[in-house]
Amino acid sequence: MFHKLVSFLVLFVAVLPGIAQPRQTIDFNGDWFFTLDDDLNARHADFSHANWKKIVLPHDWSIGFDFGEEYPAGNAGGALPGGAGWYRKTFQLSEKDKGSYYALHFGGVHRYAEVWVNGKYLGKNINGYLSFEHDLTPYLRYGNEQNVVAVRVDNSLQPNSRWYTGSGIYRDVRLEKRSPLHLLREETVITTPEVSAEKSVLNVRSVFNKYTNDKVGQLTLKLQDKYKKTIAEKTVRLSENHFEEKLEVGGITLWEPGNPALYDLSITVLDNSNKVVDELKYPVGFRYFDFDEQKGFFLNGKPFKLLGVCLHHDLGALGAAFNKSAAKRQLLVMKDMGVNAIRTAHNPPAEEFLDLCDELGFLVQNEAYDMWAKRKNKFDYHIDFKEHYINDLVRFVKRDRNHPSVFMWSIGNEIREQFDSTGIAFTRNMTEVVKKLDPTRPVTAALTETNYDKNFIAQAQVLDVLGFNYKIFDYDKLPTEFKGVPLIASETVSALQTRGVYDSVHDTIQLWPASSKDKFVTNGNPDFTVSAYDNVAAYWGTSHERAWIEVKKRDFLGGTFVWTGFDYLGEPVPYPYPARSSYYGIVDLAGLPKDVYYMYQSEWTDTDVLHLLPHWNWKEGEQVEVWCYYNNADEVELFLNGRSLGRQSKTDERLHAVWTVPFEAGELKAVKIKDGAAVQEVVKKTAGKPVDIVVNVEHDRYAVDGLTDMHYITVSLVDEHGTVVPDNDIELSFVPQDNIAIVGTDNGYQADLHSLSSAKRNTYKGLAVGIAQKLNQEKEAKLIIKSNTMEKEIRIK
Ligand code: GAL
């Protein structure tokens with residue numbers, strides 16, 4: 001867990017390059033102390049936390065436990081405990097820091113975060129997915145005296161979610177030191193009222209926290225390209241506590257997922273003596289878009305199909321503790337598959353997640369709520385909704401409206417009120433609130449199957465874009481039922497798979513569970529697995545192939561958001577406990593792609609794809625269905641031990657080639673044929689006994705800051721020829737030797753009950769993943785990976 005890494009992250013003042021004094025961002029994640037002992041005395045300044053555990057934030061205490069059936073969150077909530085915990089941190093400020101303004105910023109705490117500084121109560125935050133800030137200034141001590149922040153986090157009311165929430169201060173915390181006179185980030189609004197390659201206009205407005213005539217001097221807006229060349233600049237004198245200015249620019253490269261061109265905007269304020277009093281920086285992307293009810297979505301004037309996935313907020317074995325490099329890995333794995341849009345199901349993501357989407361190029365449907373006043377779970381946000389929903393929506397839009405990646409606001413997912421007339425007023429109300437704060441983006445909601453009654457239709461009419469979940473065979477009804485409303489397939493698929501499991505194929509898709517009468521599958525597998533041929537789905541869903549075939553042939557659908565890009569903790573449909581994580585992902589919880597990943601890659605990218613499934617270890621003579629995902633070719637020829645089994649191709653109604661092959665040990669080979677010539681081949685061999693492990697460490701591509709970056713260590717169990725062994729799993733230990741901490745391990749198996757923070761993990765279908773952090777980035781790290789019979793030393797430069 002992160003707490004092992006505390007020592008190197010001592011409180012350090014990070015003056016971001018280019019950010020002038022006095023706004024400084026002070027990393028506040030290190031040197032916290034934590035306990036699950038819920039003693040209210042811990043709020044007092046003089047309380048001793050000497051025997052608490054030292055940790056580094058972000059921190060999720062739930063993920064460190066073994067999974068269990070007894071926890072009230074249930075397996076739908078991840079089969080892990082909640083509870084109440086305390087965090088404390090001491091820090092010192094020097095005498096010369098006096099006179100500055102200090103804001104403590106929390107990126108997100110689940111749930112009910114109460115904060116004290118030096119014993120003074122600062123308030124309680126309700127919505128665990130939103131950031132909040134406290135002004136510490138009046139309560140701080142300077143010189144030799146210590147300051148202490150105490151935070152009580154209460155996640156004991158359970159169940160409170162349909163998926164795993166995590167517990168604790170699970171996103172970044174930072175202390176911002178500002179001039180007493182400063183700009184308000186939440187009131188700073190950057191828009192691009194005119195966008196074209198020839199001439200674009202940037203509109204910037206903001207408000208100061210207070211106004212003193214003698215203080216404010218001048219404002220400079222500067223826009224630079226990625227080479228730090230200034231392409232527009234403007235300086236004006238200020239005389240009020242707010243401003244609105246425009247910058248004109250020509251020759252802009254437009255932002256789009258294929259080329260997420262960003263520019264750097266700096267907003268600098270000088271006082272009357274020409275000293276910098278504040279500076280804010282923002283990445284700016286110039287893009288425009290539009291929905292057409294018949295022709296779908298357009299980006300920068302061109303038709304653009306939204307190839308999206310829904311993602312929950314957990315990061316697999318890291319739980320809900322946000323880590324930017326782990327999120328970058330998720331996003332890059334999606335990017336390689338061809339994804340260009342993300343739906344943040346069903347809550348605001350970490351702020352840094354949106355920074356990554358700006359940088360890497362994803363359009364984001366940013367979602368606020370999974371429920372309104374009517375519950376989905378006994379203790380979910382519905383208990384706070386009426387009192388907080390407007391204010392939380394305001395905080396949400398203000399937090400995220402300057403991200404170029406964000407292109408739509410979603411006010412809800414499958415909200416219970418959609419089924420009755422009360423939903424209409426809520427929809428109208430929330431749409432108005434959002435529009436007032438941000439008239440530049442459409443408001444949507446993800447609605448689900450109904451009888452298309454008048455309430456549903458009336459709600460859809462209020463929205464700018466209707467998000468329609470599932471019911472793909474109703475698609476052709478939609479343009480008539482919802483006349484005048486642009487449409488997206490806001491949620492599709494809900495197919496189920498365990499990576500590397502292949503049950504014999506049936507002619508029809510199996511629905512697990514089969515209907516709303518069953519909670520669980522009645523004829524499932526005894527080991528809680530689901531076949532990874534794309535042929536099992538929940539009864540409200542479809543196979544991946546079928547959903548994509550239906551979406552791609554309809555222009556009026558702006559695009560799709562597949563449920564889901566990655567497996568996530570909780571909601572393990574179709575099984576009861578011990579299943580504890582979902583089966584919906586295109587990629588498993590460990591980050592290892594399931595086969596259908598390559599179906600998408602073959603359809604959504606130009607990358608040359610040739611992917612063969614299943615593995616080639618079966619009983620002699622068994623009839624095995626062999627599938628091949630491919631693109632950029634006419635057909636594929638399959639060979640078994642050198643004999644051709646014929647050529648096959650995909651069709652409009654089947655996005656893979658397929659053969660039924662009586663098993664014979666040896667080598668299966670697929671050869672891709674284009675214009676009569678072989679252009680690519682792939683081989684699957686029958687694996688023998690496991691004799692070795694092959695280790696692949698990925699880091700560089702996911703690195704973000706050289707401090708908190710994760711190393712992803714994928715271990716493959718192989719036979720003497722290096723073929724991955726799919727049917728002889730073993731237990732591995734990840735043993736740190738020098739300068740490294742093992743943060744978590746995983747194998748993607750949805751019913752593995754060992755804590756994901758454990759340094760021991762069984763391989764599953766031949767693979768396992770360890771997640772590690774270097775303690776000192778400059779030095780080499782060393783670890784050993786071993787089983788009963790094998791051992792390998794790994795050095796990480
Ligand atoms: C949808 C819902 C998602 C998830 C999914 C599972 O109806 O919006 O949150 O529960 O079903 O199939």
# chains A, B, ... in the order shown; residues from 1 in each chain; ligands from 1

call {"tool": "residues_near_ligand", "arguments": {"ligand": "ligand 1", "cutoff": "6 Å", "atoms": "only C-alpha atoms and all ligand atoms", "output": "MDAnalysis selection string"}}
result
chainID A and resid 413:414 494

call {"tool": "residues_around", "arguments": {"residues": "A:Glu186", "least_positions_apart": "6", "cutoff": "10 Å", "atoms": "only C-alpha atoms", "output": "list in words"}}
result
Ser206, Val207, Val394, Arg395, Phe396, Val397, Lys398, Arg399, Asp400, Arg401 and Asn402 of chain A

call {"tool": "write_last_selection", "arguments": {"atoms": "C-alpha atoms", "output": "PDB file, in the first residue's frame"}}
result
ATOM      1  CA  SER A 206     -12.772  35.701 -13.706  1.00  0.00           C
ATOM      2  CA  VAL A 207     -13.482  37.249 -10.334  1.00  0.00           C
ATOM      3  CA  VAL A 394     -22.910  23.852  -9.386  1.00  0.00           C
ATOM      4  CA  ARG A 395     -19.605  22.727  -7.843  1.00  0.00           C
ATOM      5  CA  PHE A 396     -19.311  19.988 -10.464  1.00  0.00           C
ATOM      6  CA  VAL A 397     -19.787  22.282 -13.462  1.00  0.00           C
ATOM      7  CA  LYS A 398     -17.557  24.998 -12.001  1.00  0.00           C
ATOM      8  CA  ARG A 399     -14.843  22.449 -11.316  1.00  0.00           C
ATOM      9  CA  ASP A 400     -14.781  20.961 -14.808  1.00  0.00           C
ATOM     10  CA  ARG A 401     -16.032  23.527 -17.333  1.00  0.00           C
ATOM     11  CA  ASN A 402     -12.575  24.617 -18.495  1.00  0.00           C
TER      12      ASN A 402
END

call {"tool": "atom_distance", "arguments": {"atom1": "atom CA of A:Tyr71", "atom2": "atom CA of A:Ala759"}}
result
23.2 Å

call {"tool": "atom_distance", "arguments": {"atom1": "atom CA of A:Gly107", "atom2": "atom CA of A:Asn259"}}
result
28.4 Å

call {"tool": "closest_residue", "arguments": {"among": "A:Asn728, A:Thr431, A:Asn51, A:Thr714", "to": "A:Ala368", "atoms": "only C-alpha atoms"}}
result
A:Thr431

call {"tool": "residues_around", "arguments": {"residues": "stretch 79-94 of chain A", "least_positions_apart": "6", "cutoff": "7 Å", "atoms": "only C-alpha atoms", "output": "ChimeraX atom specification"}}
result
/A:31-38,62,65,67-69,71,73,142-143,145-156,167,580

call {"tool": "select_by_dssp", "arguments": {"residues": "stretch 588-715 of chain A", "states": "helix (DSSP H, G or I)", "output": "compact mmCIF listing (two decimals) with all heavy atoms, in the first residue's frame"}}
result
# COMPACT_ATOMS: atom_id res chain seq x y z
N VAL A 596 -11.99 -9.83 -26.89
CA VAL A 596 -12.86 -8.94 -27.66
C VAL A 596 -12.24 -7.54 -27.84
O VAL A 596 -12.65 -6.77 -28.70
CB VAL A 596 -14.26 -8.88 -27.02
CG1 VAL A 596 -14.28 -7.98 -25.78
CG2 VAL A 596 -15.31 -8.47 -28.04
N TYR A 597 -11.22 -7.27 -27.03
CA TYR A 597 -10.45 -6.03 -27.21
C TYR A 597 -10.02 -5.90 -28.67
O TYR A 597 -10.06 -4.80 -29.26
CB TYR A 597 -9.21 -6.11 -26.32
CG TYR A 597 -8.29 -4.92 -26.34
CD1 TYR A 597 -8.45 -3.87 -25.43
CD2 TYR A 597 -7.23 -4.84 -27.26
CE1 TYR A 597 -7.59 -2.78 -25.43
CE2 TYR A 597 -6.37 -3.75 -27.26
CZ TYR A 597 -6.56 -2.72 -26.35
OH TYR A 597 -5.71 -1.65 -26.36
N TYR A 598 -9.64 -7.03 -29.27
CA TYR A 598 -9.10 -7.00 -30.64
C TYR A 598 -10.20 -6.88 -31.68
O TYR A 598 -9.95 -6.45 -32.80
CB TYR A 598 -8.20 -8.22 -30.88
CG TYR A 598 -7.07 -8.20 -29.87
CD1 TYR A 598 -7.15 -8.95 -28.68
CD2 TYR A 598 -5.98 -7.36 -30.05
CE1 TYR A 598 -6.14 -8.88 -27.72
CE2 TYR A 598 -4.96 -7.28 -29.09
CZ TYR A 598 -5.06 -8.04 -27.93
OH TYR A 598 -4.08 -7.95 -26.98
N MET A 599 -11.44 -7.26 -31.29
CA MET A 599 -12.56 -6.98 -32.20
C MET A 599 -12.69 -5.47 -32.36
O MET A 599 -12.76 -4.94 -33.48
CB MET A 599 -13.85 -7.59 -31.63
CG MET A 599 -15.06 -7.48 -32.55
SD MET A 599 -15.87 -5.87 -32.58
CE MET A 599 -16.80 -5.93 -31.04
N TYR A 600 -12.68 -4.76 -31.22
CA TYR A 600 -12.78 -3.30 -31.29
C TYR A 600 -11.60 -2.70 -32.04
O TYR A 600 -11.74 -1.83 -32.88
CB TYR A 600 -12.90 -2.69 -29.89
CG TYR A 600 -14.26 -2.91 -29.29
CD1 TYR A 600 -14.44 -3.82 -28.26
CD2 TYR A 600 -15.37 -2.23 -29.78
CE1 TYR A 600 -15.69 -4.02 -27.70
CE2 TYR A 600 -16.62 -2.44 -29.24
CZ TYR A 600 -16.79 -3.33 -28.21
OH TYR A 600 -18.03 -3.54 -27.68
N GLN A 601 -10.41 -3.19 -31.70
CA GLN A 601 -9.23 -2.62 -32.35
C GLN A 601 -9.31 -2.83 -33.87
O GLN A 601 -8.93 -1.94 -34.64
CB GLN A 601 -7.97 -3.27 -31.78
CG GLN A 601 -6.73 -2.47 -32.06
CD GLN A 601 -5.49 -3.09 -31.45
OE1 GLN A 601 -5.30 -4.31 -31.52
NE2 GLN A 601 -4.65 -2.26 -30.85
N SER A 602 -9.85 -3.97 -34.28
CA SER A 602 -9.92 -4.24 -35.72
C SER A 602 -10.96 -3.34 -36.40
O SER A 602 -10.85 -3.02 -37.57
CB SER A 602 -10.23 -5.71 -35.99
OG SER A 602 -11.56 -6.01 -35.62
N GLU A 603 -11.98 -2.93 -35.64
CA GLU A 603 -13.04 -2.10 -36.20
C GLU A 603 -12.77 -0.61 -36.02
O GLU A 603 -13.22 0.21 -36.80
CB GLU A 603 -14.37 -2.44 -35.50
CG GLU A 603 -14.93 -3.79 -35.88
CD GLU A 603 -15.61 -3.75 -37.24
OE1 GLU A 603 -16.40 -2.83 -37.48
OE2 GLU A 603 -15.33 -4.64 -38.07
N TRP A 604 -12.10 -0.23 -34.95
CA TRP A 604 -11.99 1.18 -34.57
C TRP A 604 -10.64 1.81 -34.89
O TRP A 604 -10.47 3.01 -34.66
CB TRP A 604 -12.27 1.33 -33.06
CG TRP A 604 -13.71 1.12 -32.67
CD1 TRP A 604 -14.74 0.76 -33.49
CD2 TRP A 604 -14.27 1.25 -31.35
NE1 TRP A 604 -15.91 0.65 -32.77
CE2 TRP A 604 -15.65 0.96 -31.45
CE3 TRP A 604 -13.75 1.58 -30.10
CZ2 TRP A 604 -16.51 0.98 -30.34
CZ3 TRP A 604 -14.61 1.61 -29.00
CH2 TRP A 604 -15.97 1.31 -29.13
N ASP A 700 7.46 3.55 -18.58
CA ASP A 700 7.75 4.82 -19.26
C ASP A 700 6.52 5.46 -19.89
O ASP A 700 6.30 6.66 -19.78
CB ASP A 700 8.81 4.60 -20.35
CG ASP A 700 10.13 4.18 -19.74
OD1 ASP A 700 10.19 4.09 -18.48
OD2 ASP A 700 11.08 3.90 -20.49
N ARG A 701 5.71 4.64 -20.52
CA ARG A 701 4.55 5.19 -21.22
C ARG A 701 3.52 5.77 -20.25
O ARG A 701 2.73 6.63 -20.60
CB ARG A 701 3.86 4.06 -21.98
CG ARG A 701 3.83 4.26 -23.46
CD ARG A 701 2.95 3.24 -24.10
NE ARG A 701 1.93 3.87 -24.92
CZ ARG A 701 0.80 3.28 -25.27
NH1 ARG A 701 0.53 2.07 -24.85
NH2 ARG A 701 -0.06 3.91 -26.04
N TYR A 702 3.53 5.26 -19.02
CA TYR A 702 2.50 5.68 -18.06
C TYR A 702 3.01 6.73 -17.10
O TYR A 702 2.26 7.23 -16.27
CB TYR A 702 2.02 4.47 -17.24
CG TYR A 702 1.66 3.27 -18.08
CD1 TYR A 702 1.97 1.98 -17.66
CD2 TYR A 702 1.00 3.42 -19.29
CE1 TYR A 702 1.63 0.88 -18.43
CE2 TYR A 702 0.67 2.33 -20.07
CZ TYR A 702 0.99 1.06 -19.64
OH TYR A 702 0.67 -0.01 -20.39

call {"tool": "residues_around", "arguments": {"residues": "A:Asn125", "least_positions_apart": "6", "cutoff": "10 Å", "atoms": "only C-alpha atoms", "output": "list in words"}}
result
Phe106, Gly108, Val109, His110, Arg111, Tyr112, Ala113, Glu114, Val115, Ser131, Phe132, Glu133 and Val153 of chain A

call {"tool": "closest_residue", "arguments": {"among": "A:Lys124, A:His44, A:Arg546, A:Lys765", "to": "A:Asp727", "atoms": "only C-alpha atoms"}}
result
A:Lys765

call {"tool": "closest_residue", "arguments": {"among": "A:Lys553, A:Asn451, A:Ala458, A:Gly570", "to": "A:Arg428", "atoms": "only C-alpha atoms"}}
result
A:Ala458

call {"tool": "closest_residue", "arguments": {"among": "A:Gly296, A:Gly168, A:Pro159, A:Pro349", "to": "A:Thr560", "atoms": "only C-alpha atoms"}}
result
A:Gly296

call {"tool": "select_by_dssp", "arguments": {"residues": "stretch 434-636 of chain A", "states": "strand (DSSP E)", "output": "PyMOL selection string"}}
result
chain A and resi 443-447+465-469+487-493+510-511+536-537+557-563+610-613+623-630+635-636

call {"tool": "write_last_selection", "arguments": {"atoms": "C-alpha atoms", "output": "compact mmCIF listing (two decimals), in the first residue's frame"}}
result
# COMPACT_ATOMS: atom_id res chain seq x y z
CA VAL A 443 -26.94 18.47 -21.25
CA THR A 444 -27.81 14.81 -21.50
CA ALA A 445 -28.96 11.97 -19.28
CA ALA A 446 -28.76 8.23 -19.80
CA LEU A 447 -32.28 6.90 -19.85
CA VAL A 465 -29.17 15.05 -26.32
CA LEU A 466 -30.95 11.88 -25.31
CA GLY A 467 -28.70 9.14 -23.99
CA PHE A 468 -30.36 5.82 -24.62
CA ASN A 469 -29.16 2.74 -22.68
CA LEU A 487 -29.41 10.57 -29.83
CA ILE A 488 -26.45 8.63 -28.53
CA ALA A 489 -26.25 5.03 -27.39
CA SER A 490 -25.12 6.09 -23.93
CA GLU A 491 -24.74 2.52 -22.74
CA THR A 492 -24.47 -0.66 -24.75
CA VAL A 493 -23.42 -4.31 -24.49
CA GLN A 510 -26.60 -16.89 -23.59
CA LEU A 511 -28.31 -14.50 -21.24
CA VAL A 536 -22.71 -14.30 -22.93
CA ALA A 537 -24.52 -11.16 -21.79
CA LEU A 557 -26.68 7.64 -33.33
CA GLY A 558 -23.82 9.98 -32.46
CA GLY A 559 -21.93 7.05 -31.04
CA THR A 560 -21.73 4.45 -28.33
CA PHE A 561 -20.42 4.04 -24.81
CA VAL A 562 -19.72 0.36 -24.19
CA TRP A 563 -20.38 -0.99 -20.72
CA LEU A 610 -4.78 -10.54 -36.34
CA HIS A 611 -5.93 -12.16 -33.13
CA LEU A 612 -6.67 -15.85 -32.71
CA LEU A 613 -8.63 -17.50 -29.90
CA GLN A 623 -14.39 -29.89 -31.33
CA VAL A 624 -13.00 -26.44 -30.72
CA GLU A 625 -14.40 -23.28 -32.21
CA VAL A 626 -11.58 -21.07 -33.43
CA TRP A 627 -12.21 -17.34 -33.87
CA CYS A 628 -10.07 -14.74 -35.52
CA TYR A 629 -10.39 -10.97 -35.24
CA TYR A 630 -8.64 -9.13 -38.06
CA GLU A 635 -9.76 -13.23 -45.54
CA VAL A 636 -7.83 -15.42 -43.16

call {"tool": "atom_distance", "arguments": {"atom1": "atom CA of A:Leu184", "atom2": "atom CA of A:His242"}}
result
9.9 Å

call {"tool": "closest_residue", "arguments": {"among": "A:Lys305, A:Lys199, A:Lys295, A:Lys378", "to": "A:Glu248", "atoms": "only C-alpha atoms"}}
result
A:Lys199
